[in-house]
Structure formats: C-alpha cells, structure tokens
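upload_9.cif (mmCIF, C-alpha atoms and all ligand atoms)
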data_model
#
loop_
_atom_site.label_atom_id
_atom_site.label_comp_id
_atom_site.auth_asym_id
_atom_site.auth_seq_id
_atom_site.Cartn_x
_atom_site.Cartn_y
_atom_site.Cartn_z
CA MET A 1 11.07 22.31 -8.95
CA GLY A 2 8.90 25.19 -7.84
CA VAL A 3 11.33 26.88 -5.45
CA SER A 4 10.28 30.38 -4.43
CA GLU A 5 12.70 32.84 -2.88
CA LEU A 6 11.12 32.58 0.54
CA THR A 7 10.31 28.91 0.91
CA ARG A 8 11.17 25.74 -0.88
CA THR A 9 7.83 24.68 -2.39
CA TYR A 10 7.09 21.35 -4.01
CA VAL A 11 4.12 20.52 -6.17
CA ILE A 12 3.05 17.03 -5.12
CA THR A 13 0.08 15.22 -6.61
CA GLN A 14 -1.74 12.79 -4.36
CA LEU A 15 -3.24 9.97 -6.40
CA PRO A 16 -4.99 7.84 -3.76
CA GLY A 17 -6.51 5.32 -6.17
CA ASP A 18 -8.53 2.37 -4.93
CA GLY A 19 -9.30 0.35 -1.80
CA VAL A 20 -6.99 1.23 1.08
CA GLY A 21 -5.07 3.69 -1.14
CA PRO A 22 -6.97 6.77 0.10
CA GLU A 23 -6.69 5.60 3.74
CA VAL A 24 -2.91 5.17 3.71
CA THR A 25 -1.99 8.16 1.52
CA GLN A 26 -4.04 10.46 3.77
CA VAL A 27 -1.74 9.50 6.68
CA ALA A 28 1.40 9.89 4.53
CA LYS A 29 0.23 13.34 3.42
CA ALA A 30 -0.35 14.43 7.03
CA CYS A 31 3.17 13.24 7.92
CA VAL A 32 4.70 15.14 5.00
CA ASP A 33 2.83 18.29 6.07
CA ALA A 34 4.11 17.92 9.64
CA ALA A 35 7.68 17.43 8.39
CA ALA A 36 7.30 20.47 6.12
CA VAL A 37 6.43 22.69 9.08
CA ARG A 38 9.40 21.43 11.01
CA HIS A 39 11.89 21.68 8.15
CA GLY A 40 10.72 24.92 6.58
CA PHE A 41 9.43 23.86 3.19
CA ALA A 42 5.95 24.03 1.70
CA VAL A 43 3.90 21.57 -0.31
CA ASP A 44 1.44 22.67 -2.95
CA TRP A 45 -0.76 19.56 -2.96
CA ARG A 46 -2.74 18.62 -6.06
CA HIS A 47 -5.26 15.81 -6.21
CA CYS A 48 -5.85 13.24 -8.92
CA GLY A 49 -9.03 11.18 -8.63
CA LEU A 50 -8.21 8.45 -11.16
CA GLY A 51 -8.86 4.82 -10.25
CA GLY A 52 -11.62 2.22 -10.24
CA LYS A 53 -14.53 4.49 -9.27
CA HIS A 54 -13.58 7.10 -11.87
CA TYR A 55 -13.25 4.40 -14.53
CA LEU A 56 -16.64 2.87 -13.73
CA ARG A 57 -18.28 6.31 -13.86
CA THR A 58 -16.58 7.68 -16.98
CA GLY A 59 -14.74 4.88 -18.81
CA GLU A 60 -11.51 6.89 -18.42
CA VAL A 61 -8.34 5.22 -17.11
CA LEU A 62 -5.60 7.79 -17.72
CA PRO A 63 -6.61 10.57 -20.13
CA ASP A 64 -3.72 12.24 -21.98
CA ALA A 65 -4.66 15.65 -20.54
CA VAL A 66 -4.38 14.29 -16.97
CA LEU A 67 -1.02 12.72 -17.79
CA ASP A 68 0.20 16.08 -19.12
CA ASP A 69 -0.92 17.69 -15.87
CA LEU A 70 0.82 15.04 -13.77
CA ARG A 71 4.05 15.77 -15.62
CA LYS A 72 4.02 19.24 -14.07
CA SER A 73 4.32 17.88 -10.51
CA ASP A 74 7.61 17.52 -8.68
CA ALA A 75 6.45 14.12 -7.40
CA ILE A 76 3.39 11.88 -7.23
CA LEU A 77 2.27 10.09 -4.07
CA LEU A 78 0.20 7.12 -5.16
CA GLY A 79 -1.91 4.81 -2.97
CA ALA A 80 -2.83 1.71 -4.93
CA VAL A 81 -4.77 0.80 -8.03
CA GLY A 82 -6.91 -2.23 -8.78
CA SER A 83 -10.50 -3.00 -7.97
CA PRO A 84 -12.57 -6.21 -7.88
CA ASP A 85 -15.27 -4.40 -9.95
CA VAL A 86 -12.88 -3.79 -12.86
CA PRO A 87 -11.41 -6.54 -15.06
CA PRO A 88 -7.80 -7.36 -14.12
CA GLY A 89 -5.25 -5.32 -16.02
CA VAL A 90 -7.46 -2.39 -17.00
CA LEU A 91 -6.23 -0.18 -14.14
CA GLU A 92 -2.96 -1.98 -13.43
CA ARG A 93 -1.78 -1.71 -17.05
CA GLY A 94 -3.75 1.34 -18.12
CA LEU A 95 -2.94 3.52 -15.12
CA LEU A 96 -0.04 2.22 -13.04
CA LEU A 97 2.14 0.68 -15.75
CA ARG A 98 1.33 3.48 -18.18
CA LEU A 99 2.57 5.99 -15.61
CA ARG A 100 5.76 3.97 -15.11
CA PHE A 101 6.36 3.78 -18.87
CA GLU A 102 5.27 7.29 -19.93
CA LEU A 103 7.17 9.01 -17.10
CA ASP A 104 10.20 6.77 -17.80
CA LEU A 105 10.33 5.52 -14.20
CA TYR A 106 12.95 2.96 -15.07
CA VAL A 107 14.05 2.17 -11.53
CA ASN A 108 11.70 0.68 -8.98
CA LEU A 109 13.49 1.12 -5.67
CA ARG A 110 12.23 -1.26 -3.01
CA PRO A 111 14.09 -1.20 0.30
CA SER A 112 13.50 -4.23 2.47
CA LYS A 113 14.62 -3.45 5.96
CA LEU A 114 13.81 -5.16 9.24
CA ARG A 115 12.67 -2.56 11.76
CA PRO A 116 12.61 -2.66 15.56
CA GLY A 117 9.62 -4.40 17.10
CA VAL A 118 8.61 -6.07 13.84
CA GLY A 119 8.58 -9.86 13.93
CA GLY A 120 8.11 -10.61 10.29
CA ALA A 121 7.25 -14.02 8.92
CA VAL A 122 10.70 -15.21 9.91
CA GLY A 123 11.43 -13.46 13.15
CA SER A 124 14.91 -14.74 13.85
CA HIS A 125 17.02 -12.21 11.97
CA ARG A 126 19.01 -9.44 13.59
CA LEU A 127 18.13 -5.94 12.35
CA GLU A 128 21.58 -5.44 10.82
CA ASP A 129 21.27 -8.69 8.85
CA LEU A 130 18.15 -7.72 6.93
CA ASP A 131 18.64 -4.35 5.31
CA LEU A 132 18.67 -4.77 1.56
CA VAL A 133 17.41 -2.80 -1.42
CA ILE A 134 15.86 -4.29 -4.50
CA VAL A 135 16.45 -2.27 -7.67
CA ARG A 136 13.83 -3.56 -10.06
CA GLU A 137 13.97 -2.69 -13.76
CA ASN A 138 10.58 -1.04 -14.23
CA THR A 139 9.87 -0.45 -17.92
CA GLU A 140 10.83 -3.61 -19.82
CA GLY A 141 10.92 -7.41 -19.47
CA LEU A 142 7.66 -9.31 -19.36
CA TYR A 143 5.81 -6.12 -18.43
CA ALA A 144 6.49 -4.41 -21.76
CA GLY A 145 3.19 -5.63 -23.20
CA ALA A 146 4.64 -7.49 -26.19
CA GLY A 147 2.65 -10.55 -27.18
CA GLY A 148 -0.86 -11.39 -28.10
CA THR A 149 -3.61 -13.93 -28.50
CA VAL A 150 -4.66 -15.77 -31.64
CA HIS A 151 -7.57 -18.15 -32.28
CA ARG A 152 -9.35 -16.77 -29.22
CA GLY A 153 -12.17 -18.98 -27.97
CA THR A 154 -11.05 -22.10 -29.82
CA GLU A 155 -9.08 -25.07 -28.59
CA PHE A 156 -6.14 -23.69 -30.60
CA GLU A 157 -6.15 -20.42 -28.73
CA MET A 158 -2.59 -19.37 -28.12
CA ALA A 159 -1.26 -16.58 -25.93
CA THR A 160 2.28 -15.23 -25.82
CA GLU A 161 3.90 -12.79 -23.44
CA GLU A 162 7.36 -11.72 -24.58
CA SER A 163 10.14 -10.45 -22.36
CA LEU A 164 11.83 -7.41 -23.91
CA ASN A 165 15.32 -6.57 -22.67
CA THR A 166 17.29 -3.78 -24.27
CA TRP A 167 20.98 -3.05 -23.77
CA ALA A 168 20.26 0.59 -22.94
CA GLY A 169 17.34 -0.25 -20.65
CA ILE A 170 19.31 -2.80 -18.64
CA ARG A 171 22.42 -0.69 -18.53
CA ARG A 172 20.77 2.42 -17.08
CA CYS A 173 19.09 0.35 -14.39
CA VAL A 174 22.30 -1.51 -13.47
CA GLN A 175 24.18 1.79 -13.41
CA TYR A 176 21.69 3.18 -10.89
CA ALA A 177 22.01 0.03 -8.77
CA ALA A 178 25.82 0.14 -8.91
CA SER A 179 25.94 3.73 -7.73
CA LEU A 180 23.50 2.91 -4.93
CA ALA A 181 25.70 -0.05 -3.96
CA ALA A 182 28.78 2.20 -4.01
CA SER A 183 27.02 4.52 -1.52
CA ARG A 184 26.26 1.57 0.80
CA SER A 185 28.44 -1.54 1.17
CA GLY A 186 29.90 -1.67 -2.34
CA ARG A 187 28.19 -5.03 -2.92
CA LEU A 188 25.80 -5.62 -5.82
CA THR A 189 24.01 -8.87 -6.65
CA LEU A 190 22.43 -9.60 -9.99
CA VAL A 191 19.37 -11.83 -9.58
CA HIS A 192 18.16 -13.57 -12.72
CA LYS A 193 17.68 -17.05 -14.18
CA THR A 194 20.62 -17.18 -16.57
CA ASN A 195 20.66 -21.01 -16.59
CA VAL A 196 17.29 -21.10 -18.38
CA LEU A 197 16.60 -17.61 -19.75
CA THR A 198 19.87 -17.74 -21.62
CA HIS A 199 19.22 -14.91 -24.08
CA ALA A 200 18.07 -12.22 -21.68
CA GLY A 201 20.17 -13.63 -18.84
CA ASP A 202 23.38 -13.42 -20.85
CA LEU A 203 22.69 -9.80 -21.81
CA TRP A 204 21.95 -8.86 -18.19
CA HIS A 205 25.06 -10.64 -16.92
CA ARG A 206 27.43 -9.13 -19.49
CA ILE A 207 26.11 -5.65 -18.76
CA ALA A 208 26.32 -6.18 -14.99
CA ARG A 209 29.94 -7.34 -15.31
CA SER A 210 30.92 -4.35 -17.40
CA VAL A 211 29.17 -1.83 -15.11
CA ALA A 212 30.82 -3.49 -12.08
CA ALA A 213 34.23 -3.21 -13.75
CA GLU A 214 33.61 0.47 -14.57
CA THR A 215 32.37 1.40 -11.09
CA GLY A 216 34.48 -0.88 -8.90
CA VAL A 217 31.51 -2.47 -7.10
CA GLU A 218 31.82 -6.11 -6.12
CA LEU A 219 29.37 -8.10 -8.25
CA SER A 220 27.85 -11.44 -7.28
CA TYR A 221 25.15 -13.42 -8.99
CA ALA A 222 22.22 -15.53 -7.73
CA HIS A 223 19.57 -17.43 -9.63
CA VAL A 224 16.16 -16.12 -8.58
CA ASP A 225 15.05 -19.38 -6.98
CA ALA A 226 18.17 -19.58 -4.83
CA ALA A 227 17.84 -15.87 -4.06
CA CYS A 228 14.41 -16.56 -2.53
CA LEU A 229 15.94 -19.25 -0.32
CA TRP A 230 18.80 -17.02 0.79
CA MET A 231 16.58 -14.01 1.43
CA VAL A 232 14.76 -16.17 3.99
CA ASP A 233 17.74 -18.16 5.29
CA ASP A 234 20.65 -15.78 5.14
CA PRO A 235 19.58 -12.28 4.05
CA LYS A 236 22.86 -10.65 5.01
CA ARG A 237 24.29 -12.06 1.78
CA PHE A 238 22.44 -9.22 0.04
CA ASP A 239 22.86 -5.49 0.11
CA VAL A 240 21.75 -4.12 -3.28
CA ILE A 241 19.98 -6.52 -5.63
CA VAL A 242 19.40 -5.61 -9.26
CA THR A 243 16.92 -7.64 -11.22
CA ASP A 244 14.40 -7.63 -14.02
CA ASN A 245 10.82 -6.45 -13.81
CA LEU A 246 8.96 -9.66 -12.96
CA PHE A 247 11.62 -11.15 -10.67
CA GLY A 248 11.74 -7.79 -8.87
CA ASP A 249 7.98 -7.78 -8.41
CA ILE A 250 8.02 -11.24 -6.87
CA ILE A 251 11.05 -10.94 -4.61
CA SER A 252 9.88 -7.58 -3.28
CA ASP A 253 6.76 -9.21 -1.82
CA LEU A 254 9.04 -11.84 -0.27
CA GLY A 255 11.17 -9.04 1.18
CA ALA A 256 7.98 -7.45 2.55
CA ALA A 257 6.90 -10.69 4.21
CA LEU A 258 10.32 -10.99 5.84
CA THR A 259 10.17 -7.48 7.27
CA GLY A 260 6.75 -7.44 8.86
CA GLY A 261 4.35 -7.78 5.94
CA LEU A 262 3.15 -5.81 2.95
CA GLY A 263 1.90 -2.99 5.17
CA TYR A 264 5.49 -1.94 5.90
CA ALA A 265 7.08 -2.05 2.45
CA PRO A 266 7.75 1.21 0.58
CA SER A 267 8.71 1.83 -3.02
CA GLY A 268 9.81 4.58 -5.34
CA ASN A 269 9.30 4.46 -9.08
CA LEU A 270 12.19 6.67 -10.07
CA ASN A 271 13.09 8.67 -13.09
CA PRO A 272 16.77 9.06 -12.10
CA ASP A 273 17.39 11.45 -15.01
CA ARG A 274 14.71 13.75 -13.53
CA THR A 275 13.09 14.48 -16.87
CA GLY A 276 9.75 14.35 -15.01
CA PRO A 277 8.21 13.46 -11.66
CA SER A 278 8.83 10.18 -9.88
CA VAL A 279 5.99 8.16 -8.35
CA PHE A 280 6.07 6.89 -4.77
CA GLU A 281 3.73 4.13 -3.60
CA PRO A 282 3.71 1.29 -1.10
CA VAL A 283 4.50 -2.17 -2.47
CA HIS A 284 1.04 -3.40 -1.50
CA GLY A 285 -2.09 -3.18 -3.60
CA SER A 286 -5.58 -1.90 -2.87
CA ALA A 287 -6.26 -4.66 -0.28
CA PRO A 288 -10.00 -4.86 -1.04
CA ASP A 289 -10.37 -7.43 1.76
CA ILE A 290 -9.67 -4.80 4.44
CA ALA A 291 -10.63 -1.56 2.68
CA GLY A 292 -12.95 0.56 4.82
CA THR A 293 -12.27 -1.39 8.02
CA GLY A 294 -9.69 1.06 9.38
CA ARG A 295 -7.14 -1.75 9.63
CA ALA A 296 -4.80 -0.74 6.81
CA ASN A 297 -1.24 -0.18 7.95
CA PRO A 298 -0.07 3.17 6.55
CA ALA A 299 3.64 2.59 7.33
CA GLY A 300 4.47 1.52 3.75
CA SER A 301 2.88 4.68 2.41
CA VAL A 302 4.62 6.89 4.99
CA LEU A 303 7.97 5.25 4.20
CA SER A 304 7.27 5.78 0.48
CA ALA A 305 6.72 9.46 1.30
CA ALA A 306 10.10 9.37 3.06
CA LEU A 307 11.68 8.07 -0.17
CA MET A 308 9.89 10.90 -1.99
CA LEU A 309 11.27 13.57 0.35
CA ASP A 310 14.75 12.12 -0.06
CA HIS A 311 14.37 12.24 -3.85
CA LEU A 312 13.25 15.88 -3.59
CA GLY A 313 16.38 16.72 -1.57
CA GLU A 314 14.61 17.05 1.80
CA HIS A 315 16.93 14.55 3.46
CA ALA A 316 16.34 15.63 7.06
CA ALA A 317 12.56 15.51 6.65
CA SER A 318 12.87 12.09 5.04
CA ALA A 319 14.97 10.82 7.94
CA ASP A 320 12.34 12.18 10.36
CA LEU A 321 9.55 10.17 8.73
CA ASP A 322 11.69 7.04 8.77
CA ALA A 323 12.62 7.57 12.42
CA ALA A 324 9.00 8.28 13.38
CA VAL A 325 7.93 4.90 11.95
CA ASN A 326 10.72 3.16 13.87
CA THR A 327 9.83 4.90 17.12
CA VAL A 328 6.16 4.04 16.78
CA LEU A 329 7.05 0.46 15.92
CA ALA A 330 9.29 0.15 18.91
CA GLY A 331 6.26 1.13 20.99
CA ALA A 332 8.09 4.12 22.45
CA GLY A 333 5.78 6.63 20.81
CA SER A 334 2.66 5.75 22.73
CA ASP A 335 1.55 4.13 25.96
CA LEU A 336 -0.55 1.75 23.92
CA GLY A 337 2.31 -0.02 22.15
CA GLN A 338 2.04 -0.54 18.41
CA PRO A 339 -1.00 1.05 16.76
CA ALA A 340 -3.99 -1.19 16.13
CA SER A 341 -5.63 0.92 13.43
CA THR A 342 -4.85 3.37 10.63
CA GLY A 343 -6.12 6.20 12.83
CA ASP A 344 -3.94 5.13 15.78
CA TRP A 345 -0.95 5.01 13.45
CA GLU A 346 -1.68 8.53 12.30
CA LYS A 347 -1.94 9.86 15.86
CA ALA A 348 1.25 8.12 16.96
CA LEU A 349 3.22 9.29 13.91
CA LEU A 350 2.04 12.87 14.18
CA ALA A 351 2.93 12.89 17.87
CA GLN A 352 6.48 12.02 16.80
CA LEU A 353 6.62 14.56 13.99
CA THR A 354 5.33 17.51 16.01
CA ASP A 355 6.15 18.85 19.49
CA GLY A 356 9.79 17.84 19.44
CA GLY A 357 9.19 14.11 18.95
CA ALA A 358 11.31 11.83 16.66
P1 LIG B 401 -2.70 -6.58 -1.90
O1 LIG B 401 -1.33 -6.08 -1.69
O2 LIG B 401 -3.74 -5.56 -2.13
O3 LIG B 401 -3.14 -7.47 -0.64
C1 LIG B 401 -2.46 -8.67 -0.27
C2 LIG B 401 -2.72 -8.94 1.22
O4 LIG B 401 -1.99 -8.00 2.02
C3 LIG B 401 -4.18 -8.81 1.61
O5 LIG B 401 -4.49 -9.77 2.58
C4 LIG B 401 -4.26 -7.42 2.23
O6 LIG B 401 -5.28 -7.26 3.21
C5 LIG B 401 -2.86 -7.28 2.87
N1 LIG B 401 -2.45 -5.88 2.87
C6 LIG B 401 -2.09 -5.14 1.79
N2 LIG B 401 -1.81 -3.89 2.17
C7 LIG B 401 -1.98 -3.83 3.51
C8 LIG B 401 -1.86 -2.78 4.47
N3 LIG B 401 -1.47 -1.55 4.13
N4 LIG B 401 -2.12 -3.08 5.77
C9 LIG B 401 -2.50 -4.31 6.14
N5 LIG B 401 -2.63 -5.34 5.27
C10 LIG B 401 -2.39 -5.09 3.96
O7 LIG B 401 -2.63 -7.59 -3.13
P2 LIG B 401 -3.80 -8.34 -3.93
O8 LIG B 401 -4.90 -8.71 -3.02
O9 LIG B 401 -3.10 -9.37 -4.72
O10 LIG B 401 -4.32 -7.26 -4.96
C11 LIG B 401 -5.48 -6.43 -4.75
C12 LIG B 401 -5.56 -5.43 -5.91
O11 LIG B 401 -4.46 -4.51 -5.85
C13 LIG B 401 -5.48 -6.07 -7.30
O12 LIG B 401 -6.38 -5.35 -8.13
C14 LIG B 401 -4.05 -5.85 -7.73
O13 LIG B 401 -3.89 -5.81 -9.13
C15 LIG B 401 -3.78 -4.50 -7.11
N6 LIG B 401 -2.35 -4.23 -6.81
C16 LIG B 401 -1.95 -2.94 -6.98
C17 LIG B 401 -0.67 -2.58 -6.63
C18 LIG B 401 -0.25 -1.17 -6.79
O14 LIG B 401 -1.07 -0.30 -7.00
N7 LIG B 401 1.03 -0.86 -6.69
C19 LIG B 401 0.20 -3.52 -6.07
C20 LIG B 401 -0.25 -4.85 -5.90
C21 LIG B 401 -1.55 -5.18 -6.26
C1 LIG B 402 3.50 -3.82 -7.72
C2 LIG B 402 2.24 -4.41 -8.31
C3 LIG B 402 2.17 -4.07 -9.78
C4 LIG B 402 3.38 -4.73 -10.46
C5 LIG B 402 0.88 -4.46 -10.50
C6 LIG B 402 -0.35 -3.98 -9.78
C7 LIG B 402 0.87 -3.96 -11.92
O1 LIG B 402 2.17 -5.77 -8.08
O2 LIG B 402 3.66 -2.59 -7.78
O3 LIG B 402 4.30 -4.58 -7.16
O4 LIG B 402 3.31 -5.91 -10.83
O5 LIG B 402 4.37 -4.05 -10.63
MN MN B 403 3.79 -6.52 -6.78
#

Turn the structure described in the file into structure tokens.
Amino acid sequence: MGVSELTRTYVITQLPGDGVGPEVTQVAKACVDAAAVRHGFAVDWRHCGLGGKHYLRTGEVLPDAVLDDLRKSDAILLGAVGSPDVPPGVLERGLLLRLRFELDLYVNLRPSKLRPGVGGAVGSHRLEDLDLVIVRENTEGLYAGAGGTVHRGTEFEMATEESLNTWAGIRRCVQYAASLAASRSGRLTLVHKTNVLTHAGDLWHRIARSVAAETGVELSYAHVDAACLWMVDDPKRFDVIVTDNLFGDIISDLGAALTGGLGYAPSGNLNPDRTGPSVFEPVHGSAPDIAGTGRANPAGSVLSAALMLDHLGEHAASADLDAAVNTVLAGAGSDLGQPASTGDWEKALLAQLTDGGA
C-alpha cells in the first residue's frame, strides 16, 4: 500500500469496461473521493481503458504489460465487461476471468442484503431476515476452462466442459467463509449438489466438515436447488453460504433479485492473502439494453466501492458509503424520494457524503 507519512494514499485503478460500466463506476469514484475528503485519506486514481471498444479497435483483450501495471494497484474498481459487438466469452473469459485467475482472486464475496425502501421481487421479508453473504469459489470449478471441442461442424461434434476442484482451492475458500461466519452469526452453509455431483460434492463436503470442526462454526448443508427455494421462501436460514463457482454465480443473481434487483448487488473478487490487488465490481453486467439512457442504478457499484474501502482498511469510509445508499433508498436524502436516474443517484449520494450528511 502506498502510505505516505502525511496521508494514507491508495492507488486505485478504475476499469469502467463496457455498457453501463463507465456510468456506474463514475458515481462510485465520486463517492470514494467524497469519503476520502471526510476521512483524511487520498486516492491516486489510475485509469484502464480495456473492454469491448478497445478490443474492436486494437484486437487486445488484456495485454501482459497492462496486467503487470494493474498488479501495482492497491485495488481495482471495475464496471462491467461484455459487449453485443464482441463474440461471447472473448471479454468475459479473456479479461474478467483472466483477472480473477491471474490475480488469484479466489473468493468472490457477494453480500445479499435487503435494504430499507427496497421492495425486491419478493417484498414480504423483514430486513433482518434477508442479510446473507455468498462466498463463491472464484478460480476453479466449471470456470477453469478445462474441456474442448472435437469434430467441430459435423454431426459428431462433441463439447466438454470439466469442473476442476482441488483440495487446496476448496479449502482456502471454505476457510475464508468460516472466518467470515465466525465474525457474524457463526453459521455456515455449504451449497452444492452432492447427491448428483458425487465426486466434487464429496470433496467439498469433507473439507467443509473438517474446516468447521477446526474453527467451531456450525455447518449446515443444502442442495443448490433447495437453496434457491429457501432463499426465496425462508432466507433467514442462511447467513454465510459457501459454494462453487457456477452455483455461486447463479444464486448471487437470485439474491440480487430478492434484494431489489441487479442494480443493488455488490461484489468483491478478493485475494485474501493480499499478494496483489483485489477487484471490486457490481454483480450485474454491462446492461447493453439500458446503456446510455441514464437509467443505470449505480448502487451496486457504490456498494462494491464500500467493500473495497473495507478491504483497504478504511472501515469508517466504507460504512459511510453503505449508510449513504441506505439513506437515499429510504428517501430521507432528498425531497424527491428515490432517485430516478444515475445522475439523481449521484446527487443524492454526494449530498449524504458531504456537508455532514450520512
Ligand atoms: P446484465 O446484468 O448486464 O443485465 C441483466 C438485466 O439487468 C438487464 O435487463 C439490465 O438492464 C438490468 N441491469 C443490469 N444492471 C443494471 C443497473 N445497474 N441498473 C438497472 N438495471 C440493470 O446481464 P446480461 O444482459 O445477461 O449481460 C450483458 C453483458 O454483460 C454480457 O456480455 C455478459 O457476458 C456481461 N456480464 C458481465 C458481468 C461482469 O462484468 N461482471 C456480469 C454479468 C454479465
Ligand atoms: C458475474 C458474471 C461473470 C461470471 C461472467 C461475465 C464471466 O456473470 O460476475 O457474475 O459468470 O462470473
Ligand atoms: Mn453472474
């Protein structure tokens, strides 16, 4: 960390990416700057212009030299990647997943928390009943890229996608989840599909049991299909969920839908060993259907920035960003109620984060 004697200074790279990414990260950046003034730290912002437009212009997705530069940041604030003009996977695999793998971001932390004034798809839950965190394994499983295609273009074409699960990779992720659970309610749930995926499921379950025994957390287990039902029906069953890469991807969108929609859901791709920067991004994608309309909700990006500040040790600033989102949501931050546009969100948040608000 670049800490000078006078001021705590963090090097943060903004990687806005595609679609609504630039719109939402611009608001998150402004909120971080406001919190920095209030809490007496400085941010040395860098900019990384990778994404769909850069790829179409240059053919580059993530050059090694840019990756080496990104490694020098304390954190990366990412918008979203993926563009309708680029074949699926080029940017998602080549940029986003490569960052997760190369920077060893083995935990994808996805809090799913009902906030005041947010109805959500299922509006009947009490705030205290829907406050869970998904710890998604972020470097293995079906995302590892193992597999291939043979006999392409013939009727015998065959494609495989293999799920890779290593003892060490699972264990470090479950250990992170167990210590998070210990700092909350002490309850940890493994979500998997051990009744069908017996090889990987057995390894996950044995490791989860041994980590629970070592750490004293109370372990429960749910099959992923039942977990979806319970997240909707009875979410207070869950506090910290640990799960594999694909299940975590899917249930985190369900968690987002339950807590107001994708626009509200934050995430941190964490390197808990801190051998390099972690990457913070909303759960949503580039939302090409609303890009440029001014309708993107920046809350997920702002809450991702709050996770980033927490990771950097700026806990009070992080809490301020979180509280500012809640206040704006509750309609208390403006006479107009909840913001109707990205710009209105920005004004309402900054009003909370400056002049003694929040
Ligand atoms: P998406 O998350 O971009 O959009 C799904 C729906 O949610 C759309 O209707 C969109 O308008 C809405 N939405 C998303 N973010 C919103 C916001 N901030 N405010 C208001 N509404 C919002 O998912 P998609 O359409 O499946 O994917 C679009 C592209 O994004 C694809 O290329 C995909 O690969 C990519 N993607 C990237 C990430 C990422 O960078 N982390 C995540 C998911 C998808
Ligand atoms: C997410 C996204 C990514 C994922 C895609 C774009 C690679 O859906 O961050 O949830 O599947 O992890
Ligand atoms: Mn996803």

Counting only C-alpha atoms and all ligand atoms, give me one row per residue of chain A with an atom at most 6 Å from an atom of ligand LIG 402 (chain B), showing the shortest contact pair and its distance in Å to one decimal, sorted by chain then residue number, as a tab-separated table.
residue	atom	partner	partner_atom	distance
A:Glu92	CA	B:LIG402	C7	4.6
A:Asp249	CA	B:LIG402	O3	5.0
A:Val283	CA	B:LIG402	O3	5.3

Those same residues - C-alpha atoms - I'd like them written as a short mmCIF file (atom, residue, chain, number, x, y, z; two decimals), in the frame of the given file.
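Below you can see again-v4.cif, which holds the result:
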data_model
loop_
_atom_site.label_atom_id
_atom_site.label_comp_id
_atom_site.auth_asym_id
_atom_site.auth_seq_id
_atom_site.Cartn_x
_atom_site.Cartn_y
_atom_site.Cartn_z
CA GLU A 92 -2.96 -1.98 -13.43
CA ASP A 249 7.98 -7.78 -8.41
CA VAL A 283 4.50 -2.17 -2.47
#

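Residue neighbourhood of A:Gly94, excluding near-sequence residues (fewer than 5 positions): Leu50, Gly51, Gly52, Tyr55, Gly59, Glu60, Val61, Leu62, Pro63, Asp64, Leu67, Val81, Gly82, Val86, Pro87, Pro88, Gly89, Leu99, Arg100, Phe101, Glu102 and Gly145 of chain A, at 12 Å, using all atoms listed in the file.
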
Written selection (C-alpha atoms) as a PDB file, in the coordinates of the input:
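Below is the file again-v6.pdb, written as the result:
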ATOM      1  CA  LEU A  50      -8.210   8.450 -11.160  1.00  0.00           C
ATOM      2  CA  GLY A  51      -8.860   4.820 -10.250  1.00  0.00           C
ATOM      3  CA  GLY A  52     -11.620   2.220 -10.240  1.00  0.00           C
ATOM      4  CA  TYR A  55     -13.250   4.400 -14.530  1.00  0.00           C
ATOM      5  CA  GLY A  59     -14.740   4.880 -18.810  1.00  0.00           C
ATOM      6  CA  GLU A  60     -11.510   6.890 -18.420  1.00  0.00           C
ATOM      7  CA  VAL A  61      -8.340   5.220 -17.110  1.00  0.00           C
ATOM      8  CA  LEU A  62      -5.600   7.790 -17.720  1.00  0.00           C
ATOM      9  CA  PRO A  63      -6.610  10.570 -20.130  1.00  0.00           C
ATOM     10  CA  ASP A  64      -3.720  12.240 -21.980  1.00  0.00           C
ATOM     11  CA  LEU A  67      -1.020  12.720 -17.790  1.00  0.00           C
ATOM     12  CA  VAL A  81      -4.770   0.800  -8.030  1.00  0.00           C
ATOM     13  CA  GLY A  82      -6.910  -2.230  -8.780  1.00  0.00           C
ATOM     14  CA  VAL A  86     -12.880  -3.790 -12.860  1.00  0.00           C
ATOM     15  CA  PRO A  87     -11.410  -6.540 -15.060  1.00  0.00           C
ATOM     16  CA  PRO A  88      -7.800  -7.360 -14.120  1.00  0.00           C
ATOM     17  CA  GLY A  89      -5.250  -5.320 -16.020  1.00  0.00           C
ATOM     18  CA  LEU A  99       2.570   5.990 -15.610  1.00  0.00           C
ATOM     19  CA  ARG A 100       5.760   3.970 -15.110  1.00  0.00           C
ATOM     20  CA  PHE A 101       6.360   3.780 -18.870  1.00  0.00           C
ATOM     21  CA  GLU A 102       5.270   7.290 -19.930  1.00  0.00           C
ATOM     22  CA  GLY A 145       3.190  -5.630 -23.200  1.00  0.00           C
TER      23      GLY A 145
END

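We find atom CA of A:Ala182 and atom CA of A:Leu109 to be spaced 15.4 Å apart.
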
Excluding same-chain residues fewer than 3 positions from stretch 24-34 of chain A, what lies within 10 Å of it counting all atoms listed in the file, as a PyMOL selection string?
-> chain A and resi 12+14-17+19-21+37-39+41-43+45+77-80+263+281-282+294+296-306+308-309+317-318+320-321+324+342-343+345-347+349-354

If I put a ball of radius 10 Å at (31.6, -11.9, -8.5) in the file's coordinates, which residues poke into it when counting all atoms listed in the file, written as a PyMOL selection string?
-> chain A and resi 187-190+209+212+217-221
